[in-house]
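Shown next: input-v2.tsv, given as TSV, C-alpha atoms and all ligand atoms.
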chain	number	residue	atom	x	y	z
P	1	MET	CA	44.54	-53.44	-55.60
P	2	ALA	CA	42.80	-50.07	-55.87
P	3	SER	CA	39.15	-49.92	-56.85
P	4	PRO	CA	38.51	-48.96	-60.48
P	5	LEU	CA	38.55	-45.26	-61.19
P	6	THR	CA	35.89	-43.57	-63.30
P	7	GLU	CA	36.86	-42.30	-66.77
P	8	LYS	CA	36.69	-38.79	-65.39
P	9	GLU	CA	39.07	-39.57	-62.52
P	10	VAL	CA	41.50	-41.31	-64.87
P	11	ASN	CA	41.42	-38.26	-67.12
P	12	ARG	CA	42.14	-35.93	-64.19
P	13	LEU	CA	45.10	-38.05	-63.03
P	14	VAL	CA	46.56	-38.44	-66.54
P	15	GLN	CA	46.59	-34.62	-66.77
P	16	LEU	CA	49.11	-34.61	-63.89
P	17	LEU	CA	51.66	-36.52	-65.99
P	18	ASN	CA	54.06	-34.81	-68.36
P	19	ASP	CA	54.01	-35.76	-72.08
P	20	GLU	CA	56.85	-38.24	-71.75
P	21	GLN	CA	55.14	-40.04	-68.87
P	22	SER	CA	51.68	-40.14	-70.42
P	23	GLU	CA	53.01	-41.41	-73.78
P	24	PHE	CA	54.98	-44.11	-71.98
P	25	LEU	CA	51.89	-45.17	-70.02
P	26	GLN	CA	49.72	-45.36	-73.18
P	27	ARG	CA	52.33	-47.46	-74.94
P	28	TYR	CA	52.71	-49.77	-71.94
P	29	LEU	CA	48.94	-50.33	-71.68
P	30	LYS	CA	48.53	-51.02	-75.40
P	31	GLN	CA	51.43	-53.46	-75.36
P	32	SER	CA	50.04	-55.22	-72.28
P	33	LYS	CA	46.63	-55.61	-73.92
P	34	LYS	CA	48.07	-56.99	-77.16
P	35	SER	CA	50.16	-59.51	-75.20
P	36	LYS	CA	47.17	-60.45	-73.05
P	37	TRP	CA	45.11	-61.10	-76.21
P	38	LEU	CA	47.83	-63.31	-77.68
P	39	GLU	CA	48.37	-65.16	-74.40
P	40	LYS	CA	44.66	-65.93	-73.87
P	41	LEU	CA	44.19	-67.07	-77.46
P	42	ALA	CA	47.23	-69.34	-77.37
P	43	HIS	CA	46.10	-70.76	-74.04
P	44	LYS	CA	42.59	-71.42	-75.35
P	45	LYS	CA	43.95	-73.24	-78.39
P	46	GLY	CA	46.41	-75.19	-76.27
P	47	VAL	CA	49.34	-73.74	-78.24
P	48	VAL	CA	52.52	-73.40	-76.22
P	49	LEU	CA	54.57	-70.52	-77.60
P	50	HIS	CA	58.32	-70.82	-77.27
P	51	PRO	CA	59.89	-67.75	-75.60
P	52	ASP	CA	61.96	-67.15	-78.75
P	53	THR	CA	58.91	-67.12	-81.04
P	54	SER	CA	58.40	-63.69	-82.61
P	55	ILE	CA	54.95	-62.08	-82.55
P	56	ASP	CA	54.73	-62.61	-86.31
P	57	GLU	CA	55.54	-66.29	-86.10
P	58	ALA	CA	53.12	-66.69	-83.20
P	59	TRP	CA	50.24	-65.30	-85.27
P	60	ASP	CA	51.08	-67.47	-88.27
P	61	GLN	CA	51.03	-70.45	-85.96
P	62	LEU	CA	47.80	-69.46	-84.21
P	63	ASP	CA	45.89	-68.72	-87.42
P	64	ASP	CA	43.28	-66.62	-85.65
P	65	TRP	CA	42.14	-63.06	-84.93
P	66	GLU	CA	45.02	-60.80	-84.06
P	67	LEU	CA	44.66	-57.55	-82.10
P	68	LYS	CA	46.46	-55.07	-84.35
P	69	GLU	CA	45.70	-51.76	-82.68
P	70	ILE	CA	43.72	-50.08	-79.93
P	71	LEU	CA	42.62	-46.53	-80.72
P	72	ASP	CA	41.66	-44.10	-77.96
P	73	GLY	CA	39.57	-41.12	-79.05
P	74	GLY	CA	40.25	-39.33	-75.75
P	75	TYR	CA	38.12	-38.47	-72.76
P	76	GLY	CA	34.59	-37.41	-73.71
P	77	ASN	CA	35.05	-38.22	-77.41
P	78	ARG	CA	33.57	-41.00	-79.54
P	79	PRO	CA	35.22	-40.49	-82.93
P	80	TYR	CA	35.30	-44.14	-84.01
P	81	THR	CA	32.52	-46.35	-85.29
P	82	CYS	CA	32.01	-50.02	-84.52
P	83	GLU	CA	31.03	-52.37	-87.37
P	84	CYS	CA	27.56	-52.34	-85.77
P	85	GLY	CA	27.30	-48.56	-86.13
P	86	MET	CA	27.87	-47.63	-82.48
P	87	ALA	CA	30.10	-44.60	-81.79
P	88	LEU	CA	33.22	-45.54	-79.84
P	89	ARG	CA	35.91	-43.96	-77.71
P	90	PHE	CA	38.01	-47.14	-77.72
P	91	CYS	CA	38.26	-48.99	-81.01
P	92	TYR	CA	39.89	-52.41	-81.33
P	93	ILE	CA	41.25	-53.20	-84.78
P	94	VAL	CA	41.39	-56.95	-85.32
P	95	HIS	CA	42.81	-58.76	-88.33
P	96	HIS	CA	42.71	-62.32	-89.60
P	97	ARG	CA	45.72	-63.17	-91.77
P	98	LYS	CA	44.43	-66.20	-93.67
P	99	GLU	CA	40.93	-64.82	-94.21
P	100	ASN	CA	42.47	-61.40	-94.87
P	101	LYS	CA	39.71	-59.61	-92.96
P	102	THR	CA	39.96	-56.56	-90.72
P	103	TYR	CA	37.28	-55.28	-88.36
P	104	ARG	CA	37.03	-52.15	-86.23
P	105	LEU	CA	35.11	-53.06	-83.11
P	106	GLY	CA	34.07	-51.89	-79.67
P	107	GLU	CA	34.70	-54.16	-76.69
P	108	THR	CA	31.09	-55.39	-76.57
P	109	CYS	CA	31.12	-56.43	-80.23
P	110	LEU	CA	34.44	-58.27	-80.24
P	111	GLY	CA	32.72	-61.65	-80.06
P	112	ASN	CA	29.92	-60.93	-82.55
P	113	TYR	CA	32.17	-60.41	-85.55
P	114	THR	CA	35.13	-62.67	-84.84
P	115	MET	CA	33.14	-65.77	-83.85
P	116	MET	CA	35.57	-66.24	-81.01
P	117	SER	CA	33.80	-68.04	-78.16
P	118	ALA	CA	32.00	-66.01	-75.51
P	119	GLU	CA	34.16	-67.65	-72.89
P	120	LEU	CA	37.38	-66.59	-74.61
P	121	ILE	CA	36.13	-63.02	-75.14
P	122	LYS	CA	35.20	-62.85	-71.46
P	123	ASP	CA	38.68	-64.07	-70.54
P	124	ILE	CA	40.26	-61.41	-72.75
P	125	THR	CA	38.09	-58.52	-71.54
P	126	ASN	CA	38.68	-59.56	-67.92
P	127	GLY	CA	42.38	-59.43	-68.70
P	128	PHE	CA	41.94	-55.92	-70.16
P	129	HIS	CA	40.14	-54.75	-67.04
P	130	LYS	CA	43.00	-56.00	-64.90
P	131	ILE	CA	45.37	-53.96	-67.05
P	132	ASP	CA	43.13	-50.90	-66.54
P	133	LEU	CA	43.32	-51.50	-62.79
P	134	GLU	CA	47.09	-51.63	-63.05
P	135	ARG	CA	46.96	-48.25	-64.82
P	136	ASP	CA	44.76	-46.84	-62.02
P	137	GLY	CA	47.28	-48.04	-59.45
P	138	ILE	CA	50.14	-46.30	-61.27
P	139	LEU	CA	48.15	-43.05	-61.52
P	140	LEU	CA	47.15	-43.11	-57.85
P	141	ARG	CA	50.72	-43.77	-56.81
P	142	TYR	CA	51.82	-40.82	-58.92
P	143	GLU	CA	49.31	-38.49	-57.31
P	144	GLN	CA	50.11	-39.65	-53.79
P	145	GLY	CA	53.87	-39.31	-54.30
P	146	TRP	CA	55.38	-42.75	-54.61
P	147	GLU	CA	59.00	-43.59	-53.87
P	148	LEU	CA	60.94	-46.23	-55.78
P	149	PRO	CA	62.47	-48.78	-53.37
P	150	SER	CA	66.09	-47.57	-53.53
P	151	VAL	CA	67.46	-51.14	-53.84
P	152	TYR	CA	65.87	-51.42	-57.31
P	153	GLY	CA	68.35	-48.78	-58.49
P	154	ARG	CA	71.07	-51.42	-58.32
P	155	LEU	CA	69.27	-54.18	-60.26
P	156	PRO	CA	69.91	-55.06	-63.92
P	157	LEU	CA	66.30	-54.31	-64.91
P	158	ALA	CA	64.90	-54.53	-68.45
P	159	GLU	CA	65.28	-51.36	-70.53
P	160	GLU	CA	61.53	-50.63	-70.48
P	161	LEU	CA	61.45	-50.67	-66.68
P	162	LYS	CA	64.58	-48.53	-66.48
P	163	THR	CA	62.95	-45.94	-68.75
P	164	GLN	CA	59.78	-45.96	-66.66
P	165	ILE	CA	61.81	-45.30	-63.50
P	166	VAL	CA	64.03	-42.63	-65.07
P	167	ILE	CA	61.10	-40.61	-66.43
P	168	GLY	CA	59.55	-40.72	-62.93
P	169	LEU	CA	56.49	-42.87	-63.62
P	170	PRO	CA	55.72	-45.11	-60.61
P	171	LEU	CA	55.87	-48.87	-61.03
P	172	SER	CA	52.61	-50.77	-60.55
P	173	SER	CA	52.30	-53.25	-57.69
P	174	ILE	CA	52.25	-55.98	-60.36
P	175	GLN	CA	55.55	-54.77	-61.80
P	176	GLU	CA	56.98	-54.59	-58.28
P	177	SER	CA	56.03	-58.16	-57.46
P	178	ARG	CA	57.51	-59.32	-60.77
P	179	ILE	CA	60.80	-57.61	-59.87
P	180	GLU	CA	60.75	-59.07	-56.34
P	181	LYS	CA	60.25	-62.55	-57.79
P	182	ARG	CA	62.73	-62.28	-60.65
P	183	PHE	CA	65.55	-60.82	-58.51
P	184	LYS	CA	64.71	-62.54	-55.25
P	185	GLN	CA	68.24	-63.71	-54.44
P	186	GLN	CA	69.94	-60.45	-55.44
P	187	LEU	CA	67.46	-58.43	-53.40
P	188	ILE	CA	68.06	-60.53	-50.30
P	189	LYS	CA	71.78	-59.89	-50.70
P	190	ILE	CA	71.47	-56.13	-51.33
P	191	ARG	CA	69.06	-55.66	-48.42
P	192	GLU	CA	71.39	-57.58	-46.12
P	193	GLN	CA	74.33	-55.40	-47.23
P	194	ASN	CA	72.26	-52.25	-46.65
P	195	LYS	CA	71.39	-53.43	-43.15
P	196	TRP	CA	75.05	-53.85	-42.25
P	197	HIS	CA	75.87	-50.55	-43.89
P	198	ARG	CA	73.26	-48.77	-41.77
P	199	LEU	CA	74.54	-50.43	-38.60
P	200	ALA	CA	78.06	-49.33	-39.44
P	201	GLN	CA	76.81	-45.79	-40.00
P	202	MET	CA	75.03	-45.78	-36.66
P	203	LYS	CA	78.33	-46.63	-35.00
P	204	GLY	CA	79.81	-43.60	-36.72
P	205	HIS	CA	82.25	-45.35	-39.03
P	206	HIS	CA	81.01	-43.70	-42.20
P	207	PRO	CA	79.78	-40.27	-43.19
P	208	THR	CA	76.23	-40.22	-44.48
P	209	TYR	CA	73.87	-38.14	-46.48
P	210	THR	CA	70.14	-38.59	-46.86
P	211	PHE	CA	68.04	-38.81	-49.98
P	212	GLN	CA	65.23	-36.36	-50.37
P	213	PRO	CA	61.98	-37.70	-51.78
P	214	VAL	CA	61.53	-36.96	-55.47
P	215	ALA	CA	58.55	-36.13	-57.64
P	216	SER	CA	55.96	-35.40	-55.00
P	217	PRO	CA	53.22	-33.20	-56.45
P	218	VAL	CA	54.06	-29.52	-56.03
P	219	SER	CA	51.82	-27.60	-53.65
P	220	HIS	CA	51.77	-24.06	-54.96
P	221	SER	CA	51.24	-22.42	-51.58
P	222	THR	CA	54.59	-23.58	-50.21
P	223	ILE	CA	56.68	-22.82	-53.31
P	224	GLN	CA	59.73	-20.64	-52.97
P	225	SER	CA	59.61	-19.90	-56.66
P	226	ILE	CA	62.51	-18.84	-58.80
P	227	THR	CA	62.74	-17.52	-62.39
P	228	TYR	CA	64.83	-19.02	-65.18
P	229	GLU	CA	67.22	-16.03	-65.16
P	230	GLU	CA	67.73	-16.21	-61.38
P	231	ALA	CA	68.33	-19.95	-61.51
P	232	MET	CA	70.86	-19.60	-64.33
P	233	SER	CA	72.79	-16.79	-62.69
P	234	LYS	CA	73.11	-18.81	-59.47
P	235	TYR	CA	73.49	-22.39	-60.68
P	236	GLN	CA	74.51	-22.39	-64.35
P	237	SER	CA	78.05	-23.63	-63.71
P	238	ASN	CA	76.85	-26.47	-61.44
P	239	ILE	CA	74.21	-27.52	-63.94
P	240	ASN	CA	76.76	-27.48	-66.78
P	241	ALA	CA	79.12	-29.63	-64.70
P	242	ILE	CA	76.33	-32.15	-64.10
P	243	ASN	CA	75.38	-32.21	-67.80
P	244	GLU	CA	78.98	-32.88	-68.79
P	245	SER	CA	79.12	-35.82	-66.38
P	246	LEU	CA	75.90	-37.44	-67.59
P	247	PRO	CA	77.68	-40.52	-69.03
P	248	LYS	CA	79.04	-41.24	-65.52
P	249	ILE	CA	75.58	-41.56	-63.98
P	250	THR	CA	74.87	-45.28	-63.76
P	251	ASP	CA	72.51	-45.49	-60.78
P	252	LEU	CA	68.85	-45.48	-61.86
P	253	LEU	CA	67.73	-43.29	-58.97
P	254	MET	CA	70.34	-40.73	-59.91
P	255	LEU	CA	69.32	-40.89	-63.59
P	256	ARG	CA	65.79	-40.22	-62.42
P	257	LYS	CA	66.93	-37.19	-60.45
P	258	TYR	CA	68.87	-36.00	-63.49
P	259	ASN	CA	65.76	-36.34	-65.65
P	260	HIS	CA	63.73	-34.49	-63.02
P	261	LEU	CA	66.26	-31.67	-62.86
P	262	GLN	CA	66.15	-31.33	-66.66
P	263	ASN	CA	62.36	-31.15	-66.54
P	264	MET	CA	62.53	-28.41	-63.91
P	265	ILE	CA	64.88	-26.37	-66.08
P	266	LYS	CA	62.62	-26.91	-69.07
P	267	ALA	CA	59.64	-25.73	-66.99
P	268	LEU	CA	61.56	-22.67	-65.83
P	269	LYS	CA	62.38	-21.81	-69.45
P	270	GLN	CA	58.67	-21.96	-70.27
P	271	GLY	CA	57.99	-19.51	-67.46
P	272	GLU	CA	56.44	-22.02	-65.02
P	273	LEU	CA	56.82	-21.96	-61.23
P	274	VAL	CA	59.53	-24.21	-59.84
P	275	ASP	CA	60.29	-24.83	-56.18
P	276	GLU	CA	63.86	-23.65	-55.64
P	277	SER	CA	64.48	-25.96	-52.67
P	278	LYS	CA	63.52	-28.99	-54.77
P	279	LEU	CA	65.77	-27.84	-57.60
P	280	LEU	CA	68.61	-27.43	-55.11
P	281	SER	CA	68.08	-30.81	-53.48
P	282	HIS	CA	68.23	-32.61	-56.85
P	283	MET	CA	71.20	-30.57	-57.99
P	284	PHE	CA	73.23	-31.21	-54.83
P	285	GLU	CA	72.46	-34.89	-54.68
P	286	LEU	CA	73.75	-35.18	-58.24
P	287	LEU	CA	76.83	-33.10	-57.42
P	288	TYR	CA	77.59	-35.30	-54.39
P	289	TYR	CA	77.01	-38.45	-56.36
P	290	LEU	CA	79.33	-37.27	-59.15
P	291	LYS	CA	81.88	-36.08	-56.59
P	292	LEU	CA	81.68	-32.59	-58.05
P	293	TYR	CA	80.98	-30.96	-54.71
M	301	ZN	ZN	29.46	-52.81	-82.07
How would this structure read if it were set down as structure tokens?
Amino acid sequence: MASPLTEKEVNRLVQLLNDEQSEFLQRYLKQSKKSKWLEKLAHKKGVVLHPDTSIDEAWDQLDDWELKEILDGGYGNRPYTCECGMALRFCYIVHHRKENKTYRLGETCLGNYTMMSAELIKDITNGFHKIDLERDGILLRYEQGWELPSVYGRLPLAEELKTQIVIGLPLSSIQESRIEKRFKQQLIKIREQNKWHRLAQMKGHHPTYTFQPVASPVSHSTIQSITYEEAMSKYQSNINAINESLPKITDLLMLRKYNHLQNMIKALKQGELVDESKLLSHMFELLYYLKLY
């Protein structure tokens, strides 16, 4: 796994994401940390939570400190205050149901106010750091131009993962290994089929077209830029045809291309530079896929 990035580096990389991607990432990280907290606490108390147990029921059962919220004041800011008086960027809001107490704490003070054991707090904060490393991996993959393994496009993935793929946010290596494990048998089958398909193509039995890489960071020096008006006068009818066929797009990779194309058009509308060749490659792949070309 990648070495931990500094706050400054994380901030620089997050700036590369669009709003949709950065909001998704924040939500994913918060959710992961809340689950990690619950998991460590349950483990420590020797409570085995049934997969059907709701979060609410779990906390009633655990009768302990619950992580309600993590606030992030943003890079360079310390707008929150720990119970001890220290200014904080990250503030953990913890709540105890039975005692009806709520504290706003920094990571270093978590143990002091909750009376949770030092060992448990260390376990939890270690877990948090692993989640931060996972975030760093996702950001680095985004910057370096990561490609989704195309076989994943055919898997019945969970809705959250589908969304992550469609909005063009790379999967972490942890998420990838989870998918590989969960769909092991299906992946073996799909990869085997693909191998035979490629062999058949090499023997010239089938026509073929290649997939262009998506979502690599735009280098401004090589852009053949186009304006919104130019793009619309040339491609409006094709883009309309694609939009009308949206319900027919079932492949995740194609949904991702569709989302990317929409973002390019949005950017054009706002007067930003867009690489015409990239716009064309997405548009034509969608047209081919939808048999509109
Ligand atoms: Zn404190």
(request) Figure out the distance between atom CA of Leu253 of chain P and atom CA of Lys203 of chain P, please, to one decimal in Å. (result)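 Straight-line distance from atom CA of Lys203 of chain P to atom CA of Leu253 of chain P works out to 26.4 Å.
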(message) For a test of reading the model, state the distance in Å between atom CA of Leu29 of chain P and atom CA of Thr250 of chain P, rounded to one decimal.
(response)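 Distance reported for this atom pair: 27.6 Å.
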(message) Applying 9 Å and all atoms listed in the file, which residues near segment 86-93 of chain P remain after dropping the ones on its own chain fewer than 6 positions away? List them as a list in words.
(response) Glu66, Leu67, Lys68, Glu69, Ile70, Leu71, Asp72, Gly73, Gly74, Tyr75, Gly76, Asn77, Arg78, Pro79, Tyr80, Thr102, Tyr103, Arg104, Leu105, Gly106, Glu107 and Leu110 of chain P
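Distance annotation: of P:Thr114, P:Met283, P:Glu229, P:Tyr289, the residue with the minimal separation from ligand ZN 301 (chain M) is P:Thr114; atom set is all atoms listed in the file.
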(message) Quick check, in Å to one decimal: how far apart do atom CA of Leu187 of chain P and atom CA of Tyr142 of chain P lie?
(response)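 Between atom CA of Leu187 of chain P and atom CA of Tyr142 of chain P the gap works out to 24.2 Å.
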(request) Excluding Ser172 of chain P and residues on its chain fewer than 5 positions from it, collect all residues at most 9 Å away from it, counting all atoms listed in the file, and give them as a VMD selection string. (result) chain P and resid 134 to 139 141 177
(message) With all atoms listed in the file as the counted atoms, please give the residues lying no more than 8 Å from Ile242 of chain P, apart from itself and same-chain residues fewer than 5 positions off, as an MDAnalysis selection string.
(response) chainID P and resid 286:287 290
(request) Can you pull out every residue within 7 Å of segment 254-264 of chain P, counting only C-alpha atoms, but drop anything in the same chain fewer than 2 positions away, and send it as JSON, numbers by chain? (result) {"P": [165, 166, 167, 168, 249, 251, 252, 266, 267, 268, 274, 279, 282, 286]}
(request) Quick one: everything within 12 Å of Ile190 of chain P, counting all atoms listed in the file, minus sequence neighbours fewer than 4 positions away in the same chain. Send it as a PyMOL selection string. (result) chain P and resi 149-155+183-186+194-197
Those residues with C-alpha atoms, as a compact mmCIF listing (two decimals), keeping the file's coordinate frame please?
# COMPACT_ATOMS: atom_id res chain seq x y z
CA PRO P 149 62.47 -48.78 -53.37
CA SER P 150 66.09 -47.57 -53.53
CA VAL P 151 67.46 -51.14 -53.84
CA TYR P 152 65.87 -51.42 -57.31
CA GLY P 153 68.35 -48.78 -58.49
CA ARG P 154 71.07 -51.42 -58.32
CA LEU P 155 69.27 -54.18 -60.26
CA PHE P 183 65.55 -60.82 -58.51
CA LYS P 184 64.71 -62.54 -55.25
CA GLN P 185 68.24 -63.71 -54.44
CA GLN P 186 69.94 -60.45 -55.44
CA ASN P 194 72.26 -52.25 -46.65
CA LYS P 195 71.39 -53.43 -43.15
CA TRP P 196 75.05 -53.85 -42.25
CA HIS P 197 75.87 -50.55 -43.89
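With all atoms listed in the file as the basis for measurement, P:Thr125 is the residue among P:Asn11, P:Thr53, P:Ser173, P:Thr125 that approaches Lys33 of chain P most closely.
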(request) May I ask which of the residues P:Leu38, P:Ile124, P:Cys109, P:Ala231 is the closest one to ligand ZN 301 (chain M), counting only C-alpha atoms and all ligand atoms? (result) P:Cys109
Counting only C-alpha atoms, which residues have an atom no more than 9 Å from (45.9, -40.5, -67.4) in the file's coordinates? Please list them as a CSV table (one decimal) with C-alpha atoms, in the frame of the given file.
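Just written: out_22.csv:
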chain,number,residue,atom,x,y,z
P,9,GLU,CA,39.1,-39.6,-62.5
P,10,VAL,CA,41.5,-41.3,-64.9
P,11,ASN,CA,41.4,-38.3,-67.1
P,12,ARG,CA,42.1,-35.9,-64.2
P,13,LEU,CA,45.1,-38.0,-63.0
P,14,VAL,CA,46.6,-38.4,-66.5
P,15,GLN,CA,46.6,-34.6,-66.8
P,16,LEU,CA,49.1,-34.6,-63.9
P,17,LEU,CA,51.7,-36.5,-66.0
P,22,SER,CA,51.7,-40.1,-70.4
P,25,LEU,CA,51.9,-45.2,-70.0
P,26,GLN,CA,49.7,-45.4,-73.2
P,135,ARG,CA,47.0,-48.2,-64.8
P,136,ASP,CA,44.8,-46.8,-62.0
P,139,LEU,CA,48.2,-43.0,-61.5
